[in-house]
Amino acid sequence: MASNCNVVSSNTVNIDITFHDINTAMMWDDIFNQSENRIPCGLTVANWLSRGAAFASHPDHSSRSHYLYSQFYAELMPTVRDEIEYLSEFYSDELDRLTTHNKRLSVGLESLPDSAIKKYRSSVHIPSFPVVIAYIRVNMLCDSAHFQLRAAYKFGAINKNEYFQARRELFRPLNRFRSDMDNRVALAKKLANAAQH
């Protein structure tokens, strides 16, 4: 898990993220994904979270639709924060478990030269709401956990079928959250559009 965070202003940060596998990079940013993805990428979700947090913390009554957005996200964001906290705990636990598993089986990640690990870099310029930073960290934890899982496969500690099954289970919670956020944003837009008629 690698990142560099620079404060641009009191409200905005630049975050440089390094992913260690094309799968987690594609989950984060569509720039790495050449195929059509049915689930919005992590970067899109991060921007949605930023917008939702802004509406929730600074109610906007300038129009009926903005008022509804403010109400919608004020009610939603506590649930979202709980879900991100769960994801953080899940991926932290998975990272610890997989790292311990690899050490016990003497899977020597330190023997891999840095040049053998292909890295994918992404930069994020985004308002520094805690929920957004926490979500970005979840994606980094997922990448680190998957790096340990793939290392176990590459070093022969698990077979191909075990790897793909474990990878599906590892990615499932984060993919579900992204899909849920897609549905929530669509619902918010539907409510706001209905208010204009």
# chains A, B, ... in the order shown; residues from 1 in each chain; ligands from 1
$ residues_around --residues "Arg184 in chain A" --least-positions-apart "5" --cutoff "10 Å" --atoms "only C-alpha atoms" --output "count of residues only"
8
$ closest_residue --among "A:Phe171, A:Asp29, A:Val45, A:Leu95" --to "Phe147 in chain A" --atoms "only C-alpha atoms"
A:Leu95
$ select_by_dssp --residues "chain A" --states "helix (DSSP H, G or I)" --output "ChimeraX atom specification"
/A:22-28,30-32,42-57,64-104,109-111,114-116,130-154,160-195
$ residues_around --residues "Leu174 in chain A" --least-positions-apart "5" --cutoff "10 Å" --atoms "only C-alpha atoms" --output "ChimeraX atom specification"
/A:27,42,83-84,87-88,90-91,135,138-139,142,169,179-180
$ write_last_selection --atoms "C-alpha atoms" --output "JSON list (two decimals), in the first residue's frame"
[["chain", "number", "residue", "atom", "x", "y", "z"],
["A", 27, "MET", "CA", -11.27, -1.14, -10.01],
["A", 42, "GLY", "CA", -13.49, 3.79, -7.34],
["A", 83, "GLU", "CA", -20.02, 0.78, 5.63],
["A", 84, "ILE", "CA", -16.60, 2.26, 4.88],
["A", 87, "LEU", "CA", -14.64, -2.25, 4.68],
["A", 88, "SER", "CA", -11.56, -0.80, 6.35],
["A", 90, "PHE", "CA", -12.37, -6.19, 6.59],
["A", 91, "TYR", "CA", -9.41, -5.35, 4.35],
["A", 135, "TYR", "CA", -12.65, 5.31, 1.20],
["A", 138, "VAL", "CA", -9.96, 1.12, 1.70],
["A", 139, "ASN", "CA", -8.96, 0.80, -1.96],
["A", 142, "CYS", "CA", -7.63, -3.96, -0.89],
["A", 169, "GLU", "CA", -14.27, -13.11, -2.34],
["A", 179, "SER", "CA", -22.62, -0.84, -6.89],
["A", 180, "ASP", "CA", -24.69, 0.33, -3.92]]
$ decode --residues "range 150-165 of chain A" --atoms "all heavy atoms" --output "PDB file, in the first residue's frame"
ATOM      1  N   ARG A 150      -1.879 -12.638  -4.355  1.00  0.00           N
ATOM      2  CA  ARG A 150      -1.252 -13.002  -5.634  1.00  0.00           C
ATOM      3  C   ARG A 150       0.154 -13.543  -5.417  1.00  0.00           C
ATOM      4  O   ARG A 150       0.610 -14.443  -6.144  1.00  0.00           O
ATOM      5  CB  ARG A 150      -1.206 -11.782  -6.557  1.00  0.00           C
ATOM      6  CG  ARG A 150      -0.845 -12.121  -7.998  1.00  0.00           C
ATOM      7  CD  ARG A 150      -1.230 -11.000  -8.927  1.00  0.00           C
ATOM      8  NE  ARG A 150      -0.451  -9.811  -8.662  1.00  0.00           N
ATOM      9  CZ  ARG A 150       0.613  -9.438  -9.380  1.00  0.00           C
ATOM     10  NH1 ARG A 150       1.042 -10.186 -10.385  1.00  0.00           N
ATOM     11  NH2 ARG A 150       1.248  -8.325  -9.091  1.00  0.00           N
ATOM     12  N   ALA A 151       0.852 -13.026  -4.411  1.00  0.00           N
ATOM     13  CA  ALA A 151       2.182 -13.546  -4.106  1.00  0.00           C
ATOM     14  C   ALA A 151       2.098 -15.011  -3.676  1.00  0.00           C
ATOM     15  O   ALA A 151       2.936 -15.826  -4.068  1.00  0.00           O
ATOM     16  CB  ALA A 151       2.829 -12.709  -3.006  1.00  0.00           C
ATOM     17  N   ALA A 152       1.081 -15.328  -2.874  1.00  0.00           N
ATOM     18  CA  ALA A 152       0.902 -16.723  -2.447  1.00  0.00           C
ATOM     19  C   ALA A 152       0.706 -17.633  -3.655  1.00  0.00           C
ATOM     20  O   ALA A 152       1.233 -18.754  -3.700  1.00  0.00           O
ATOM     21  CB  ALA A 152      -0.281 -16.828  -1.490  1.00  0.00           C
ATOM     22  N   TYR A 153      -0.031 -17.145  -4.643  1.00  0.00           N
ATOM     23  CA  TYR A 153      -0.256 -17.914  -5.864  1.00  0.00           C
ATOM     24  C   TYR A 153       1.025 -18.021  -6.690  1.00  0.00           C
ATOM     25  O   TYR A 153       1.408 -19.105  -7.150  1.00  0.00           O
ATOM     26  CB  TYR A 153      -1.378 -17.267  -6.675  1.00  0.00           C
ATOM     27  CG  TYR A 153      -1.513 -17.768  -8.081  1.00  0.00           C
ATOM     28  CD1 TYR A 153      -1.667 -19.134  -8.356  1.00  0.00           C
ATOM     29  CD2 TYR A 153      -1.488 -16.879  -9.157  1.00  0.00           C
ATOM     30  CE1 TYR A 153      -1.798 -19.592  -9.660  1.00  0.00           C
ATOM     31  CE2 TYR A 153      -1.610 -17.326 -10.457  1.00  0.00           C
ATOM     32  CZ  TYR A 153      -1.759 -18.688 -10.710  1.00  0.00           C
ATOM     33  OH  TYR A 153      -1.880 -19.135 -11.995  1.00  0.00           O
ATOM     34  N   LYS A 154       1.720 -16.899  -6.877  1.00  0.00           N
ATOM     35  CA  LYS A 154       2.930 -16.895  -7.695  1.00  0.00           C
ATOM     36  C   LYS A 154       4.013 -17.798  -7.115  1.00  0.00           C
ATOM     37  O   LYS A 154       4.795 -18.397  -7.849  1.00  0.00           O
ATOM     38  CB  LYS A 154       3.468 -15.464  -7.832  1.00  0.00           C
ATOM     39  CG  LYS A 154       2.593 -14.537  -8.648  1.00  0.00           C
ATOM     40  CD  LYS A 154       2.548 -14.934 -10.108  1.00  0.00           C
ATOM     41  CE  LYS A 154       1.769 -13.930 -10.944  1.00  0.00           C
ATOM     42  NZ  LYS A 154       1.691 -14.356 -12.369  1.00  0.00           N
ATOM     43  N   PHE A 155       4.074 -17.883  -5.781  1.00  0.00           N
ATOM     44  CA  PHE A 155       5.092 -18.714  -5.138  1.00  0.00           C
ATOM     45  C   PHE A 155       4.612 -20.150  -4.909  1.00  0.00           C
ATOM     46  O   PHE A 155       5.306 -20.940  -4.274  1.00  0.00           O
ATOM     47  CB  PHE A 155       5.531 -18.081  -3.813  1.00  0.00           C
ATOM     48  CG  PHE A 155       6.520 -16.961  -3.987  1.00  0.00           C
ATOM     49  CD1 PHE A 155       6.080 -15.651  -4.081  1.00  0.00           C
ATOM     50  CD2 PHE A 155       7.877 -17.208  -4.079  1.00  0.00           C
ATOM     51  CE1 PHE A 155       6.982 -14.608  -4.248  1.00  0.00           C
ATOM     52  CE2 PHE A 155       8.787 -16.171  -4.248  1.00  0.00           C
ATOM     53  CZ  PHE A 155       8.339 -14.866  -4.334  1.00  0.00           C
ATOM     54  N   GLY A 156       3.407 -20.481  -5.399  1.00  0.00           N
ATOM     55  CA  GLY A 156       2.930 -21.860  -5.333  1.00  0.00           C
ATOM     56  C   GLY A 156       2.283 -22.267  -4.027  1.00  0.00           C
ATOM     57  O   GLY A 156       2.032 -23.452  -3.805  1.00  0.00           O
ATOM     58  N   ALA A 157       1.986 -21.305  -3.150  1.00  0.00           N
ATOM     59  CA  ALA A 157       1.351 -21.642  -1.875  1.00  0.00           C
ATOM     60  C   ALA A 157      -0.121 -22.000  -2.053  1.00  0.00           C
ATOM     61  O   ALA A 157      -0.691 -22.721  -1.238  1.00  0.00           O
ATOM     62  CB  ALA A 157       1.490 -20.490  -0.885  1.00  0.00           C
ATOM     63  N   ILE A 158      -0.744 -21.470  -3.107  1.00  0.00           N
ATOM     64  CA  ILE A 158      -2.127 -21.837  -3.452  1.00  0.00           C
ATOM     65  C   ILE A 158      -2.171 -22.069  -4.960  1.00  0.00           C
ATOM     66  O   ILE A 158      -1.334 -21.545  -5.707  1.00  0.00           O
ATOM     67  CB  ILE A 158      -3.143 -20.744  -3.059  1.00  0.00           C
ATOM     68  CG1 ILE A 158      -2.795 -19.401  -3.718  1.00  0.00           C
ATOM     69  CG2 ILE A 158      -3.219 -20.606  -1.545  1.00  0.00           C
ATOM     70  CD1 ILE A 158      -3.829 -18.304  -3.466  1.00  0.00           C
ATOM     71  N   ASN A 159      -3.160 -22.869  -5.407  1.00  0.00           N
ATOM     72  CA  ASN A 159      -3.245 -23.145  -6.833  1.00  0.00           C
ATOM     73  C   ASN A 159      -4.107 -22.094  -7.541  1.00  0.00           C
ATOM     74  O   ASN A 159      -4.679 -21.202  -6.913  1.00  0.00           O
ATOM     75  CB  ASN A 159      -3.769 -24.565  -7.098  1.00  0.00           C
ATOM     76  CG  ASN A 159      -5.186 -24.771  -6.591  1.00  0.00           C
ATOM     77  OD1 ASN A 159      -6.036 -23.883  -6.666  1.00  0.00           O
ATOM     78  ND2 ASN A 159      -5.455 -25.976  -6.067  1.00  0.00           N
ATOM     79  N   LYS A 160      -4.224 -22.226  -8.854  1.00  0.00           N
ATOM     80  CA  LYS A 160      -4.909 -21.220  -9.661  1.00  0.00           C
ATOM     81  C   LYS A 160      -6.368 -21.073  -9.280  1.00  0.00           C
ATOM     82  O   LYS A 160      -6.885 -19.953  -9.140  1.00  0.00           O
ATOM     83  CB  LYS A 160      -4.778 -21.576 -11.150  1.00  0.00           C
ATOM     84  CG  LYS A 160      -5.331 -20.529 -12.090  1.00  0.00           C
ATOM     85  CD  LYS A 160      -5.055 -20.919 -13.544  1.00  0.00           C
ATOM     86  CE  LYS A 160      -5.578 -19.852 -14.497  1.00  0.00           C
ATOM     87  NZ  LYS A 160      -5.277 -20.202 -15.919  1.00  0.00           N
ATOM     88  N   ASN A 161      -7.059 -22.195  -9.106  1.00  0.00           N
ATOM     89  CA  ASN A 161      -8.473 -22.138  -8.738  1.00  0.00           C
ATOM     90  C   ASN A 161      -8.669 -21.490  -7.372  1.00  0.00           C
ATOM     91  O   ASN A 161      -9.609 -20.693  -7.177  1.00  0.00           O
ATOM     92  CB  ASN A 161      -9.084 -23.543  -8.745  1.00  0.00           C
ATOM     93  CG  ASN A 161      -9.258 -24.090 -10.151  1.00  0.00           C
ATOM     94  OD1 ASN A 161      -9.326 -23.325 -11.116  1.00  0.00           O
ATOM     95  ND2 ASN A 161      -9.326 -25.406 -10.268  1.00  0.00           N
ATOM     96  N   GLU A 162      -7.815 -21.834  -6.435  1.00  0.00           N
ATOM     97  CA  GLU A 162      -7.899 -21.229  -5.101  1.00  0.00           C
ATOM     98  C   GLU A 162      -7.670 -19.727  -5.167  1.00  0.00           C
ATOM     99  O   GLU A 162      -8.344 -18.953  -4.475  1.00  0.00           O
ATOM    100  CB  GLU A 162      -6.874 -21.890  -4.165  1.00  0.00           C
ATOM    101  CG  GLU A 162      -7.207 -23.324  -3.797  1.00  0.00           C
ATOM    102  CD  GLU A 162      -6.072 -24.011  -3.058  1.00  0.00           C
ATOM    103  OE1 GLU A 162      -4.897 -23.652  -3.320  1.00  0.00           O
ATOM    104  OE2 GLU A 162      -6.354 -24.898  -2.237  1.00  0.00           O
ATOM    105  N   TYR A 163      -6.727 -19.324  -6.013  1.00  0.00           N
ATOM    106  CA  TYR A 163      -6.431 -17.896  -6.146  1.00  0.00           C
ATOM    107  C   TYR A 163      -7.627 -17.135  -6.698  1.00  0.00           C
ATOM    108  O   TYR A 163      -8.041 -16.106  -6.132  1.00  0.00           O
ATOM    109  CB  TYR A 163      -5.212 -17.688  -7.046  1.00  0.00           C
ATOM    110  CG  TYR A 163      -5.081 -16.264  -7.545  1.00  0.00           C
ATOM    111  CD1 TYR A 163      -4.783 -15.221  -6.672  1.00  0.00           C
ATOM    112  CD2 TYR A 163      -5.291 -15.969  -8.899  1.00  0.00           C
ATOM    113  CE1 TYR A 163      -4.684 -13.910  -7.128  1.00  0.00           C
ATOM    114  CE2 TYR A 163      -5.190 -14.665  -9.359  1.00  0.00           C
ATOM    115  CZ  TYR A 163      -4.891 -13.641  -8.464  1.00  0.00           C
ATOM    116  OH  TYR A 163      -4.809 -12.359  -8.916  1.00  0.00           O
ATOM    117  N   PHE A 164      -8.209 -17.626  -7.795  1.00  0.00           N
ATOM    118  CA  PHE A 164      -9.319 -16.904  -8.415  1.00  0.00           C
ATOM    119  C   PHE A 164     -10.548 -16.873  -7.509  1.00  0.00           C
ATOM    120  O   PHE A 164     -11.262 -15.859  -7.445  1.00  0.00           O
ATOM    121  CB  PHE A 164      -9.655 -17.499  -9.775  1.00  0.00           C
ATOM    122  CG  PHE A 164      -8.725 -17.050 -10.871  1.00  0.00           C
ATOM    123  CD1 PHE A 164      -7.841 -17.942 -11.459  1.00  0.00           C
ATOM    124  CD2 PHE A 164      -8.715 -15.733 -11.302  1.00  0.00           C
ATOM    125  CE1 PHE A 164      -6.967 -17.535 -12.448  1.00  0.00           C
ATOM    126  CE2 PHE A 164      -7.849 -15.301 -12.304  1.00  0.00           C
ATOM    127  CZ  PHE A 164      -6.977 -16.202 -12.872  1.00  0.00           C
ATOM    128  N   GLN A 165     -10.780 -17.965  -6.797  1.00  0.00           N
ATOM    129  CA  GLN A 165     -11.909 -17.977  -5.865  1.00  0.00           C
ATOM    130  C   GLN A 165     -11.678 -16.988  -4.723  1.00  0.00           C
ATOM    131  O   GLN A 165     -12.575 -16.223  -4.351  1.00  0.00           O
ATOM    132  CB  GLN A 165     -12.134 -19.384  -5.301  1.00  0.00           C
ATOM    133  CG  GLN A 165     -13.324 -19.460  -4.347  1.00  0.00           C
ATOM    134  CD  GLN A 165     -13.565 -20.878  -3.835  1.00  0.00           C
ATOM    135  OE1 GLN A 165     -12.945 -21.826  -4.292  1.00  0.00           O
ATOM    136  NE2 GLN A 165     -14.474 -21.010  -2.885  1.00  0.00           N
TER     137      GLN A 165
END
